[in-house]
>>> print(open('upload_20.txt').read())   # compact mmCIF, C-alpha atoms
# COMPACT_ATOMS: atom_id res chain seq x y z
CA MET M 1 -22.71 28.77 -31.27
CA LYS M 2 -19.03 28.01 -31.70
CA GLU M 3 -18.18 29.80 -28.46
CA HIS M 4 -20.89 27.85 -26.67
CA TYR M 5 -19.47 24.56 -27.98
CA SER M 6 -15.94 25.60 -26.95
CA PHE M 7 -17.16 26.36 -23.42
CA ILE M 8 -18.88 22.96 -23.15
CA HIS M 9 -15.73 21.25 -24.46
CA TRP M 10 -13.61 23.14 -21.92
CA MET M 11 -15.98 22.19 -19.09
CA ALA M 12 -15.93 18.53 -20.16
CA ASN M 13 -12.12 18.49 -20.21
CA THR M 14 -11.97 20.22 -16.84
CA ILE M 15 -14.37 17.73 -15.27
CA ARG M 16 -12.45 14.82 -16.82
CA ARG M 17 -9.12 16.08 -15.51
CA PHE M 18 -10.61 16.75 -12.09
CA THR M 19 -12.05 13.23 -11.99
CA LYS M 20 -8.68 11.72 -12.91
CA TRP M 21 -7.00 13.86 -10.27
CA LEU M 22 -9.44 12.58 -7.66
CA TYR M 23 -8.75 9.02 -8.83
CA THR M 24 -5.03 9.49 -8.20
CA LEU M 25 -5.93 10.40 -4.59
CA ARG M 26 -8.06 7.30 -4.02
CA HIS M 27 -5.69 6.05 -1.32
CA ILE M 28 -6.55 9.14 0.76
CA PHE M 29 -10.28 8.43 0.50
CA VAL M 30 -9.66 4.79 1.43
CA ALA M 31 -7.61 5.84 4.46
CA LEU M 32 -10.32 8.25 5.60
CA PHE M 33 -13.01 5.61 5.07
CA VAL M 34 -11.09 3.07 7.17
CA LEU M 35 -10.45 5.75 9.80
CA GLY M 36 -14.21 6.12 10.17
CA ASN M 37 -14.30 2.69 11.84
CA SER M 38 -12.31 4.02 14.79
CA GLY M 39 -14.77 6.91 15.10
CA LEU M 40 -17.67 4.46 15.34
CA ILE M 41 -15.78 2.39 17.91
CA PHE M 42 -15.02 5.42 20.11
CA HIS M 43 -18.62 6.60 19.78
CA THR M 44 -19.85 3.18 20.92
CA ILE M 45 -17.52 3.11 23.92
CA TYR M 46 -18.35 6.70 24.84
CA GLY M 47 -22.02 5.75 25.13
CA LEU M 48 -21.29 2.83 27.50
CA PRO M 49 -21.00 3.12 31.31
CA ILE M 50 -17.18 3.01 31.66
CA ASP M 51 -15.22 4.92 34.24
CA LEU M 52 -11.65 5.04 32.92
CA PHE M 53 -10.34 7.36 35.64
CA THR M 54 -10.99 4.94 38.51
CA LEU M 55 -9.01 2.23 36.70
CA PHE M 56 -5.71 3.62 37.98
CA ASN M 57 -6.95 3.59 41.60
CA VAL M 58 -7.68 -0.15 41.60
CA ARG M 59 -6.00 -1.97 44.48
CA ASP M 60 -7.58 -5.37 44.05
CA TYR M 61 -8.26 -7.32 40.88
CA GLU M 62 -11.82 -8.04 42.07
CA GLN M 63 -12.53 -4.30 42.22
CA ILE M 64 -11.95 -3.81 38.47
CA ASN M 65 -15.06 -2.85 36.56
CA THR M 66 -15.82 -5.81 34.30
CA SER M 67 -17.41 -3.50 31.74
CA PHE M 68 -14.05 -1.87 31.20
CA LEU M 69 -12.32 -5.23 30.79
CA THR M 70 -14.90 -6.01 28.12
CA ASN M 71 -14.37 -2.79 26.21
CA ALA M 72 -10.66 -2.09 26.78
CA PRO M 73 -9.67 -4.34 23.82
CA TYR M 74 -12.38 -2.62 21.76
CA PHE M 75 -10.89 0.75 22.62
CA MET M 76 -7.39 -0.43 21.69
CA LEU M 77 -8.77 -1.81 18.43
CA GLY M 78 -9.94 1.69 17.60
CA VAL M 79 -6.50 3.07 18.42
CA PHE M 80 -4.81 0.48 16.19
CA ILE M 81 -7.14 1.34 13.30
CA VAL M 82 -6.15 5.00 13.66
CA MET M 83 -2.45 4.11 13.48
CA SER M 84 -2.86 1.74 10.53
CA SER M 85 -4.86 4.40 8.66
CA VAL M 86 -1.83 6.69 8.82
CA GLY M 87 0.15 4.16 6.80
CA LEU M 88 -2.64 3.96 4.21
CA PHE M 89 -2.06 7.64 3.43
CA PHE M 90 1.42 6.60 2.23
CA ARG M 91 0.10 3.58 0.29
CA ALA M 92 2.15 1.25 2.49
CA ARG M 93 1.62 -2.44 1.83
CA ILE M 94 2.12 -3.45 5.45
CA SER M 95 -0.49 -0.90 6.56
CA TRP M 96 -2.95 -2.39 4.10
CA MET M 97 -2.33 -5.85 5.54
CA ILE M 98 -2.73 -4.58 9.11
CA SER M 99 -5.89 -2.62 8.23
CA PHE M 100 -7.41 -5.63 6.46
CA THR M 101 -6.72 -7.82 9.51
CA LEU M 102 -8.09 -5.20 11.90
CA MET M 103 -11.28 -4.92 9.83
CA LEU M 104 -11.84 -8.66 10.20
CA ILE M 105 -11.27 -8.45 13.95
CA ASN M 106 -13.53 -5.41 14.17
CA ILE M 107 -16.40 -7.14 12.37
CA PHE M 108 -16.27 -10.36 14.44
CA TYR M 109 -15.61 -8.59 17.74
CA THR M 110 -18.45 -6.13 17.26
CA ALA M 111 -20.85 -8.88 16.16
CA HIS M 112 -19.98 -10.89 19.28
CA ILE M 113 -19.69 -8.19 21.97
CA HIS M 114 -21.95 -5.43 20.60
CA PRO M 115 -24.37 -7.13 18.18
CA GLN M 116 -26.80 -4.23 18.55
CA GLN M 117 -24.30 -1.92 16.78
CA THR M 118 -25.37 -3.06 13.31
CA HIS M 119 -24.14 0.12 11.62
CA ASN M 120 -20.61 -0.57 12.96
CA ILE M 121 -20.74 -4.06 11.48
CA HIS M 122 -22.04 -2.92 8.10
CA TYR M 123 -19.50 -0.11 7.90
CA GLY M 124 -16.71 -2.55 8.78
CA ILE M 125 -17.82 -4.94 6.03
CA ALA M 126 -17.88 -2.06 3.53
CA SER M 127 -14.35 -1.07 4.61
CA LEU M 128 -13.18 -4.67 4.20
CA VAL M 129 -14.61 -4.88 0.67
CA LEU M 130 -13.12 -1.51 -0.24
CA LEU M 131 -9.66 -2.54 0.99
CA PHE M 132 -9.87 -5.76 -1.00
CA MET M 133 -10.85 -3.90 -4.19
CA VAL M 134 -7.87 -1.50 -4.03
CA ARG M 135 -5.33 -4.01 -2.70
CA LYS M 136 -3.04 -3.66 -5.76
CA TYR M 137 -2.74 0.10 -5.25
CA PHE M 138 -0.99 -0.29 -1.88
CA SER M 139 2.42 -1.61 -2.86
CA LYS M 140 4.91 0.69 -1.17
CA SER M 141 7.29 -0.36 1.60
CA SER M 142 8.59 2.31 3.93
CA VAL M 143 10.24 2.81 7.29
CA ALA M 144 7.19 4.77 8.44
CA ALA M 145 4.92 1.80 7.78
CA GLY M 146 7.33 -0.52 9.58
CA SER M 147 7.32 1.85 12.54
CA ILE M 148 3.53 1.74 12.70
CA PHE M 149 3.61 -2.05 12.62
CA ALA M 150 6.22 -2.11 15.37
CA LEU M 151 4.23 0.31 17.53
CA ILE M 152 1.03 -1.71 17.19
CA SER M 153 2.87 -4.93 18.05
CA VAL M 154 4.51 -3.46 21.16
CA ILE M 155 1.26 -1.91 22.43
CA THR M 156 -0.64 -5.16 21.86
CA LEU M 157 1.95 -7.18 23.76
CA LEU M 158 2.12 -4.61 26.54
CA LEU M 159 -1.66 -4.60 26.98
CA THR M 160 -1.86 -8.40 26.97
CA SER M 161 1.06 -8.78 29.39
CA THR M 162 -0.29 -6.21 31.83
CA TYR M 163 -3.78 -7.71 32.08
CA GLY M 164 -2.34 -11.22 32.09
CA ALA M 165 -0.07 -10.42 35.05
CA LEU M 166 -3.07 -8.94 36.85
CA TYR M 167 -5.16 -12.02 36.07
CA PHE M 168 -2.51 -14.48 37.35
CA GLY M 169 -1.60 -12.16 40.24
CA ASP M 170 -2.10 -14.80 42.94
CA GLY M 171 0.55 -17.00 41.32
CA PHE M 172 3.38 -14.50 41.98
CA ASN M 173 5.47 -13.80 45.04
CA PRO M 174 4.63 -11.15 46.14
CA LYS M 175 1.11 -11.17 44.68
CA ILE M 176 0.26 -8.71 41.93
CA THR M 177 -2.86 -6.85 43.04
CA SER M 178 -2.58 -3.45 41.33
CA LEU M 179 -2.51 -2.36 37.73
CA LEU M 180 0.69 -0.36 38.23
CA THR M 181 2.52 -3.41 39.59
CA ALA M 182 1.22 -5.50 36.69
CA PHE M 183 2.44 -2.87 34.22
CA TYR M 184 5.87 -2.81 35.90
CA TYR M 185 6.13 -6.61 35.74
CA ALA M 186 5.07 -6.62 32.06
CA ILE M 187 7.82 -4.13 31.14
CA GLU M 188 10.38 -5.99 33.22
CA THR M 189 9.53 -9.34 31.61
CA MET M 190 9.13 -8.10 28.01
CA SER M 191 12.58 -6.52 28.15
CA THR M 192 14.00 -9.74 29.73
CA VAL M 193 15.59 -7.68 32.53
CA GLY M 194 14.26 -9.84 35.38
CA TYR M 195 15.25 -8.07 38.61
CA GLY M 196 13.87 -10.96 40.66
CA ASP M 197 11.70 -8.77 42.89
CA ILE M 198 8.53 -10.48 41.56
CA VAL M 199 8.78 -14.24 41.00
CA PRO M 200 6.18 -16.58 39.45
CA VAL M 201 5.54 -19.49 41.81
CA SER M 202 2.50 -21.24 40.31
CA GLU M 203 2.54 -23.27 37.10
CA PRO M 204 0.08 -20.99 35.23
CA ALA M 205 2.09 -17.90 36.23
CA ARG M 206 5.33 -19.49 35.07
CA LEU M 207 3.84 -20.51 31.71
CA PHE M 208 2.46 -17.00 31.32
CA THR M 209 5.88 -15.51 32.07
CA ILE M 210 7.54 -17.78 29.52
CA SER M 211 5.03 -16.70 26.87
CA VAL M 212 5.69 -13.01 27.63
CA ILE M 213 9.46 -13.50 27.38
CA VAL M 214 9.21 -15.35 24.06
CA SER M 215 6.68 -12.84 22.69
CA GLY M 216 8.81 -9.92 23.83
CA ILE M 217 11.91 -11.23 22.10
CA THR M 218 9.90 -11.98 18.92
CA VAL M 219 8.13 -8.60 18.81
CA PHE M 220 11.27 -6.57 19.47
CA ALA M 221 13.27 -8.58 16.91
CA THR M 222 10.52 -8.27 14.28
CA SER M 223 10.09 -4.57 14.99
CA ALA M 224 13.80 -3.91 14.69
CA THR M 225 13.90 -5.85 11.42
CA SER M 226 10.94 -4.01 9.88
CA VAL M 227 12.25 -0.58 10.87
CA LEU M 228 16.03 -0.95 10.57
CA GLY M 229 16.11 -3.74 7.96
CA PRO M 230 15.70 -1.55 4.85
CA VAL M 231 18.26 0.96 6.14
CA VAL M 232 20.85 -1.70 7.01
CA HIS M 233 20.24 -3.56 3.73
CA SER M 234 20.77 -0.50 1.57
CA GLY M 235 23.87 0.45 3.54
CA PHE M 236 25.31 -3.06 3.16
CA GLU M 237 24.70 -3.02 -0.60
CA ARG M 238 26.50 0.32 -0.89
CA LEU M 239 29.39 -1.11 1.14
CA VAL M 240 29.72 -4.22 -1.03
CA LYS M 241 28.92 -2.79 -4.46
CA GLY M 242 29.97 0.79 -3.88
CA ASN M 243 27.96 3.81 -4.86
CA SER M 244 26.49 3.16 -8.30
CA LYS M 245 27.25 5.90 -10.75
CA LYS M 246 24.10 7.43 -12.19
CA MET M 247 24.09 8.15 -15.88
CA ASP M 248 23.50 11.57 -17.33
CA ARG M 249 19.73 11.46 -17.74
CA THR M 250 19.37 13.47 -20.91
CA ASN M 251 18.10 12.41 -24.33
CA HIS M 252 17.24 8.98 -22.92
CA PHE M 253 14.29 6.59 -22.74
CA ILE M 254 12.30 6.12 -19.52
CA ILE M 255 10.69 2.70 -19.19
CA CYS M 256 8.06 2.34 -16.47
CA GLY M 257 7.28 -1.18 -15.26
CA LEU M 258 8.79 -4.57 -15.93
CA SER M 259 6.24 -6.41 -18.07
CA SER M 260 7.30 -8.89 -20.74
CA LEU M 261 7.18 -6.14 -23.36
CA ALA M 262 9.23 -3.85 -21.10
CA VAL M 263 11.92 -6.52 -20.58
CA ASN M 264 12.26 -7.13 -24.32
CA THR M 265 12.24 -3.39 -25.07
CA ILE M 266 15.04 -2.88 -22.55
CA LYS M 267 17.01 -5.68 -24.22
CA GLN M 268 16.55 -4.25 -27.73
CA LEU M 269 17.40 -0.66 -26.71
CA THR M 270 20.44 -1.86 -24.77
CA GLU M 271 21.72 -3.76 -27.81
CA ARG M 272 21.38 -0.52 -29.78
CA LYS M 273 23.42 1.37 -27.16
CA GLN M 274 20.48 3.61 -26.25
CA PRO M 275 20.47 5.22 -22.76
CA ILE M 276 17.68 3.82 -20.58
CA THR M 277 16.28 4.64 -17.15
CA VAL M 278 13.94 2.05 -15.66
CA ILE M 279 11.37 2.94 -13.00
CA VAL M 280 10.14 0.04 -10.84
CA SER M 281 8.31 -0.36 -7.55
CA PRO M 282 10.26 -1.54 -4.46
CA ARG M 283 8.53 -4.92 -4.59
CA ILE M 284 9.48 -5.55 -8.21
CA GLN M 285 13.02 -4.39 -7.53
CA GLN M 286 13.47 -7.08 -4.89
CA VAL M 287 12.06 -9.81 -7.16
CA ALA M 288 13.85 -8.82 -10.40
CA LYS M 289 17.32 -7.86 -9.14
CA ASP M 290 19.07 -9.94 -11.81
CA GLN M 291 17.09 -8.36 -14.66
CA LEU M 292 17.86 -4.85 -13.39
CA GLU M 293 21.56 -5.43 -12.83
CA GLY M 294 23.69 -2.91 -14.69
CA LEU M 295 20.74 -0.66 -15.56
CA ASP M 296 20.00 2.86 -14.37
CA VAL M 297 17.10 2.21 -11.99
CA VAL M 298 14.80 4.57 -10.10
CA VAL M 299 12.73 2.90 -7.38
CA GLY M 300 9.31 4.35 -6.63
CA ASP M 301 5.80 4.90 -7.90
CA TYR M 302 6.14 5.50 -11.63
CA SER M 303 2.87 7.48 -11.74
CA ASP M 304 4.31 9.95 -9.22
CA GLY M 305 5.48 13.20 -10.81
CA SER M 306 8.44 13.51 -8.43
CA ILE M 307 9.70 10.04 -9.42
CA LEU M 308 9.37 10.88 -13.12
CA THR M 309 11.25 14.13 -12.49
CA GLN M 310 13.99 12.18 -10.70
CA ALA M 311 14.22 9.90 -13.74
CA GLY M 312 14.81 12.97 -15.93
CA VAL M 313 11.46 13.18 -17.71
CA MET M 314 12.06 16.81 -18.71
CA ASN M 315 15.09 15.80 -20.80
CA ALA M 316 13.92 12.39 -22.03
CA LYS M 317 13.25 11.29 -25.58
CA ALA M 318 10.23 9.24 -24.61
CA VAL M 319 8.35 7.86 -21.62
CA LEU M 320 7.27 4.27 -22.15
CA ALA M 321 4.43 3.18 -19.83
CA LEU M 322 4.87 -0.60 -20.08
CA SER M 323 3.55 -1.93 -16.78
CA ASP M 324 1.11 -4.84 -16.46
CA ASP M 325 -1.64 -2.51 -15.20
CA ASP M 326 -3.49 -0.42 -17.81
CA ALA M 327 -4.62 2.08 -15.17
CA ASP M 328 -1.03 2.65 -14.07
CA ASN M 329 0.03 3.16 -17.69
CA ALA M 330 -2.67 5.80 -18.14
CA PHE M 331 -1.56 7.62 -14.99
CA ILE M 332 2.06 7.56 -16.12
CA VAL M 333 1.11 9.30 -19.36
CA LEU M 334 -1.09 11.75 -17.50
CA SER M 335 1.71 12.59 -15.05
CA ALA M 336 4.20 13.12 -17.90
CA ILE M 337 1.77 15.44 -19.68
CA GLU M 338 1.04 17.41 -16.51
CA LEU M 339 4.77 17.98 -16.04
CA ALA M 340 4.77 19.66 -19.47
CA SER M 341 7.51 17.33 -20.66
CA SER M 342 8.45 17.37 -24.34
CA ALA M 343 9.10 13.61 -24.24
CA ARG M 344 6.87 11.43 -26.38
CA THR M 345 4.57 9.12 -24.44
CA VAL M 346 3.96 5.46 -25.25
CA ALA M 347 1.23 3.50 -23.44
CA LEU M 348 0.87 -0.28 -23.37
CA VAL M 349 -2.68 -1.67 -23.31
CA ASN M 350 -2.71 -5.16 -21.83
CA GLU M 351 -6.46 -5.69 -22.30
CA SER M 352 -7.99 -4.47 -25.55
CA LYS M 353 -11.19 -3.40 -23.78
CA ASN M 354 -9.19 -0.62 -22.09
CA ILE M 355 -7.92 0.97 -25.32
CA ASN M 356 -10.42 3.83 -25.31
CA LYS M 357 -9.74 4.56 -21.65
CA VAL M 358 -5.99 4.71 -22.23
CA LYS M 359 -6.43 6.80 -25.38
CA SER M 360 -8.46 9.34 -23.38
CA VAL M 361 -5.25 10.56 -21.69
CA ASN M 362 -3.83 11.38 -25.15
CA PRO M 363 -0.57 9.39 -25.33
CA ASP M 364 1.45 9.80 -28.52
CA ILE M 365 1.49 6.06 -29.18
CA VAL M 366 -0.87 3.32 -27.95
CA ILE M 367 0.34 -0.27 -28.26
CA SER M 368 -2.03 -3.23 -27.97
CA PRO M 369 -0.23 -6.58 -28.50
CA GLN M 370 -3.44 -8.42 -27.59
CA GLN M 371 -5.34 -6.71 -30.41
CA PHE M 372 -2.53 -7.40 -32.89
CA ALA M 373 -2.40 -11.09 -31.96
CA SER M 374 -6.18 -11.51 -32.09
CA ASP M 375 -6.32 -9.81 -35.50
CA ILE M 376 -3.67 -12.15 -36.95
CA LEU M 377 -5.36 -15.19 -35.36
CA ALA M 378 -8.74 -14.21 -36.79
CA ARG M 379 -7.19 -13.88 -40.27
CA VAL M 380 -5.63 -17.34 -40.01
CA LEU M 381 -8.81 -18.99 -38.74
CA ASN M 382 -10.82 -17.29 -41.47
CA GLY M 383 -8.52 -18.65 -44.16
CA GLU M 384 -7.27 -15.22 -45.20
CA SER M 385 -3.80 -14.91 -46.67
CA ILE M 386 -1.10 -13.54 -44.38
CA ASP M 387 1.45 -11.42 -46.19
CA SER M 388 3.62 -8.47 -45.31
CA ASP M 389 0.90 -5.96 -46.21
CA SER M 390 -1.71 -7.62 -43.97
CA ILE M 391 0.78 -7.85 -41.10
CA VAL M 392 1.66 -4.16 -41.45
CA ALA M 393 -2.05 -3.29 -41.58
CA SER M 394 -2.70 -5.26 -38.37
CA LEU M 395 0.32 -3.69 -36.73
CA LEU M 396 -0.83 -0.18 -37.64
CA HIS M 397 -4.27 -1.02 -36.28
CA SER M 398 -2.83 -2.18 -32.94
CA VAL M 399 -0.17 0.55 -32.71
CA GLN M 400 -2.21 3.72 -32.89
CA GLY M 401 -0.49 7.08 -33.18
CA LEU M 402 2.23 6.13 -35.66
CA SER M 403 2.02 7.03 -39.31
CA ASP M 404 3.53 5.01 -42.16
CA LYS M 405 6.27 7.59 -42.44
CA GLU M 406 7.20 7.26 -38.78
CA ILE M 407 7.28 3.47 -38.98
CA ASN M 408 9.53 3.55 -42.04
CA LYS M 409 11.94 5.69 -40.06
>>> encode(input="upload_20.txt", output="C-alpha cells")
Amino acid sequence: MKEHYSFIHWMANTIRRFTKWLYTLRHIFVALFVLGNSGLIFHTIYGLPIDLFTLFNVRDYEQINTSFLTNAPYFMLGVFIVMSSVGLFFRARISWMISFTLMLINIFYTAHIHPQQTHNIHYGIASLVLLFMVRKYFSKSSVAAGSIFALISVITLLLTSTYGALYFGDGFNPKITSLLTAFYYAIETMSTVGYGDIVPVSEPARLFTISVIVSGITVFATSATSVLGPVVHSGFERLVKGNSKKMDRTNHFIICGLSSLAVNTIKQLTERKQPITVIVSPRIQQVAKDQLEGLDVVVGDYSDGSILTQAGVMNAKAVLALSDDDADNAFIVLSAIELASSARTVALVNESKNINKVKSVNPDIVISPQQFASDILARVLNGESIDSDSIVASLLHSVQGLSDKEINK
C-alpha cells in the first residue's frame, strides 16, 4: 500500500513538473498558433485562380490579372506573419506588437475580401485574444526582433512603391509599362539615388514620388535605429563610463525584479554592506537607470536558468524573487531549484490568492505583505489590541517558512 501511494505521489509530482515546464514554453505555443494564420492564408490563395508565373511576363498594366492584384497583399500578409512569428519565439516585444497589428489587419482584410473564409476569421480572432492574454510575457528587446521589423518595413514599402509606380505609369517619362521597370524605379527612388532616366511629369506621379522618397528615408532611418541603436548605445555607454567592474559573485544575494519591496530590500542590504546582484529586464533597466546606478546588474529574463547562472546562483546565499508578477516569482524559484543551487529561495506574493500556487514550487520562504497588512487592519477594525506579540504572530503568518529561531537570528 505504501509503495502504491509512493508511486502515485511520484506520478503527481512528475505531471506537475511537466505541466510547469510546458508553461515556461508558452511563448513557443503562442508563436506556433500565430504561425497557423499564415498557413490558412496560403491555403486560401492556393485554392484561388492565380497565375503567379505570368506576372513577370506582363508588358502592359492592363494585362495584369486583377485577381492577383487582389490577393498579392494577402499573400504578403501571410509572409509578414511568418516573419513576425519568428520574433515571438524569442519573446520579443516588438514582434508581439507587429503580430498583434497583423492579426487585426488579417481579420478585417479577410472579412472584406474573402468573407466566405469564416474559419480564417475565427482563427485570427482567437490568435488576437491569445496575444492579448500573454502580452506581459513578451518583454524582451533584441537586435533579431529589430531586424525582423526592419525587413517587414522594407518589403512593405518596396511592394507599395512597385505597384504604385506601375499604377501611375502614364505619368512618367518614359512611361512605366512593365513590372521590372516599376521595380527598378521603386529601388531607385527609395534609395534617393535618382539617375534621372525616369522622370515624373504628371502631378499624381510627382506626389507619389515624393511620398516614396519620404517613406524611404523614414523606413531606412527607423530600421537602422532599431537594429544598430542598441549596439551603438551600449558602445557609447562603455566609452563614457568605461567597462564596469563586476563583483565577485560568491556568497551574495540575488534580487530578481524591482518592485517596491525589492527596492527597499536593496537599500537595507546595501546599508549593511551585503553583496547584491540585481536581475532586471531590459525594459526596467531603461526606466530605472538611477535606481540601479552603482549596483551589480544582470539584464535578462530572471526566470531563465542561464541568466541565474550568470548572476552566480550556484554560489549565492539566497535568491529573492521580488518581482511584481507572482507567476514570474514562482518560475524564478523553480529555475533556482532545477539548477540544484544551495541558495535559499524567497518568493514574494503580491496577491494573497496566489499563496498556494507560489508555495507549490517549494520556496524556502514565502512573503505576503498584503496578507500581513490585511491581518493588522482586521485586528484594528475589530477592536483587538495591537501589541508586539500580535504583530509577530501576524508577521509569522504572512512570512511562511521561517521559524521563531530563525527570526530571532
>>> closest_residue(input="upload_20.txt", among="M:Ala347, M:Ala316, M:Ile255, M:Ile121", to="Val297 of chain M", atoms="all atoms listed in the file")
M:Ile255
>>> atom_distance(input="upload_20.txt", atom1="atom CA of Leu77 of chain M", atom2="atom CA of Asn37 of chain M")
9.7 Å
>>> residues_around(input="upload_20.txt", residues="segment 209-211 of chain M", least_positions_apart="6", cutoff="12 Å", atoms="all atoms listed in the file", output="PyMOL selection string")
chain M and resi 157+160-162+164-165+168-169+171-172+182+185-192+194+198-203+217-219
>>> residues_around(input="upload_20.txt", residues="Tyr302 of chain M", least_positions_apart="4", cutoff="9 Å", atoms="only C-alpha atoms", output="list in words")
Cys256, Gly257, Ile279, Val280, Ser281, Val298, Ser306, Ile307, Leu308, Ala321, Asp328, Asn329, Phe331 and Ile332 of chain M
>>> atom_distance(input="upload_20.txt", atom1="atom CA of Asp326 of chain M", atom2="atom CA of Met103 of chain M")
29.1 Å
>>> atom_distance(input="upload_20.txt", atom1="atom CA of Ser335 of chain M", atom2="atom CA of Met314 of chain M")
11.8 Å
>>> residues_around(input="upload_20.txt", residues="Asp248 of chain M", least_positions_apart="3", cutoff="9 Å", atoms="all atoms listed in the file", output="short mmCIF file (atom, residue, chain, number, x, y, z; two decimals) with C-alpha atoms, in the coordinates of the input")
data_model
loop_
_atom_site.label_atom_id
_atom_site.label_comp_id
_atom_site.auth_asym_id
_atom_site.auth_seq_id
_atom_site.Cartn_x
_atom_site.Cartn_y
_atom_site.Cartn_z
CA ASN M 251 18.10 12.41 -24.33
CA HIS M 252 17.24 8.98 -22.92
CA PRO M 275 20.47 5.22 -22.76
CA GLY M 312 14.81 12.97 -15.93
#
>>> closest_residue(input="upload_20.txt", among="M:Gly124, M:Ile15, M:Val278, M:Ala111", to="Leu35 of chain M", atoms="only C-alpha atoms")
M:Gly124
>>> closest_residue(input="upload_20.txt", among="M:Tyr137, M:Phe29, M:Phe108, M:Tyr195", to="His122 of chain M", atoms="all atoms listed in the file")
M:Phe108
>>> residues_around(input="upload_20.txt", residues="Thr345 of chain M", least_positions_apart="5", cutoff="10 Å", atoms="all atoms listed in the file", output="list of chain:residue names")
M:Ile254, M:Lys317, M:Ala318, M:Val319, M:Leu320, M:Ala321, M:Ile332, M:Val333, M:Leu334, M:Ala336, M:Ile337, M:Asn362, M:Pro363, M:Asp364, M:Ile365, M:Val366
>>> closest_residue(input="upload_20.txt", among="M:Lys357, M:Thr118, M:Phe33, M:Arg135", to="Met97 of chain M", atoms="all atoms listed in the file")
M:Arg135
>>> closest_residue(input="upload_20.txt", among="M:Ile28, M:Val154, M:Val313, M:Ile107", to="Ala92 of chain M", atoms="only C-alpha atoms")
M:Ile28
>>> build_atoms(input="upload_20.txt", residues="segment 282-294 of chain M", atoms="N, CA, C and O atoms", output="JSON list (two decimals), keeping the file's coordinate frame")
[["chain", "number", "residue", "atom", "x", "y", "z"],
["M", 282, "PRO", "N", 9.33, -0.83, -5.36],
["M", 282, "PRO", "CA", 10.26, -1.54, -4.46],
["M", 282, "PRO", "C", 10.05, -3.05, -4.48],
["M", 282, "PRO", "O", 11.01, -3.81, -4.42],
["M", 283, "ARG", "N", 8.80, -3.48, -4.59],
["M", 283, "ARG", "CA", 8.53, -4.92, -4.59],
["M", 283, "ARG", "C", 9.11, -5.60, -5.82],
["M", 283, "ARG", "O", 9.73, -6.66, -5.73],
["M", 284, "ILE", "N", 8.94, -4.98, -6.97],
["M", 284, "ILE", "CA", 9.48, -5.55, -8.21],
["M", 284, "ILE", "C", 11.00, -5.52, -8.19],
["M", 284, "ILE", "O", 11.66, -6.43, -8.69],
["M", 285, "GLN", "N", 11.57, -4.48, -7.59],
["M", 285, "GLN", "CA", 13.02, -4.39, -7.53],
["M", 285, "GLN", "C", 13.62, -5.57, -6.77],
["M", 285, "GLN", "O", 14.64, -6.14, -7.17],
["M", 286, "GLN", "N", 12.96, -5.97, -5.67],
["M", 286, "GLN", "CA", 13.47, -7.08, -4.89],
["M", 286, "GLN", "C", 13.36, -8.40, -5.66],
["M", 286, "GLN", "O", 14.22, -9.26, -5.54],
["M", 287, "VAL", "N", 12.29, -8.55, -6.45],
["M", 287, "VAL", "CA", 12.06, -9.81, -7.16],
["M", 287, "VAL", "C", 12.94, -9.93, -8.40],
["M", 287, "VAL", "O", 13.42, -11.01, -8.74],
["M", 288, "ALA", "N", 13.16, -8.79, -9.09],
["M", 288, "ALA", "CA", 13.85, -8.82, -10.40],
["M", 288, "ALA", "C", 15.23, -8.16, -10.33],
["M", 288, "ALA", "O", 15.60, -7.38, -11.20],
["M", 289, "LYS", "N", 15.99, -8.46, -9.29],
["M", 289, "LYS", "CA", 17.32, -7.86, -9.14],
["M", 289, "LYS", "C", 18.25, -8.23, -10.30],
["M", 289, "LYS", "O", 19.01, -7.40, -10.79],
["M", 290, "ASP", "N", 18.18, -9.49, -10.74],
["M", 290, "ASP", "CA", 19.07, -9.94, -11.81],
["M", 290, "ASP", "C", 18.76, -9.23, -13.13],
["M", 290, "ASP", "O", 19.69, -8.87, -13.88],
["M", 291, "GLN", "N", 17.48, -9.02, -13.42],
["M", 291, "GLN", "CA", 17.09, -8.36, -14.66],
["M", 291, "GLN", "C", 17.48, -6.88, -14.67],
["M", 291, "GLN", "O", 17.72, -6.31, -15.73],
["M", 292, "LEU", "N", 17.56, -6.28, -13.49],
["M", 292, "LEU", "CA", 17.86, -4.85, -13.39],
["M", 292, "LEU", "C", 19.34, -4.57, -13.21],
["M", 292, "LEU", "O", 19.75, -3.40, -13.16],
["M", 293, "GLU", "N", 20.13, -5.61, -13.09],
["M", 293, "GLU", "CA", 21.56, -5.43, -12.83],
["M", 293, "GLU", "C", 22.23, -4.70, -14.01],
["M", 293, "GLU", "O", 22.05, -5.06, -15.18],
["M", 294, "GLY", "N", 22.98, -3.68, -13.68],
["M", 294, "GLY", "CA", 23.69, -2.91, -14.69],
["M", 294, "GLY", "C", 22.87, -1.81, -15.35],
["M", 294, "GLY", "O", 23.40, -1.06, -16.18]]
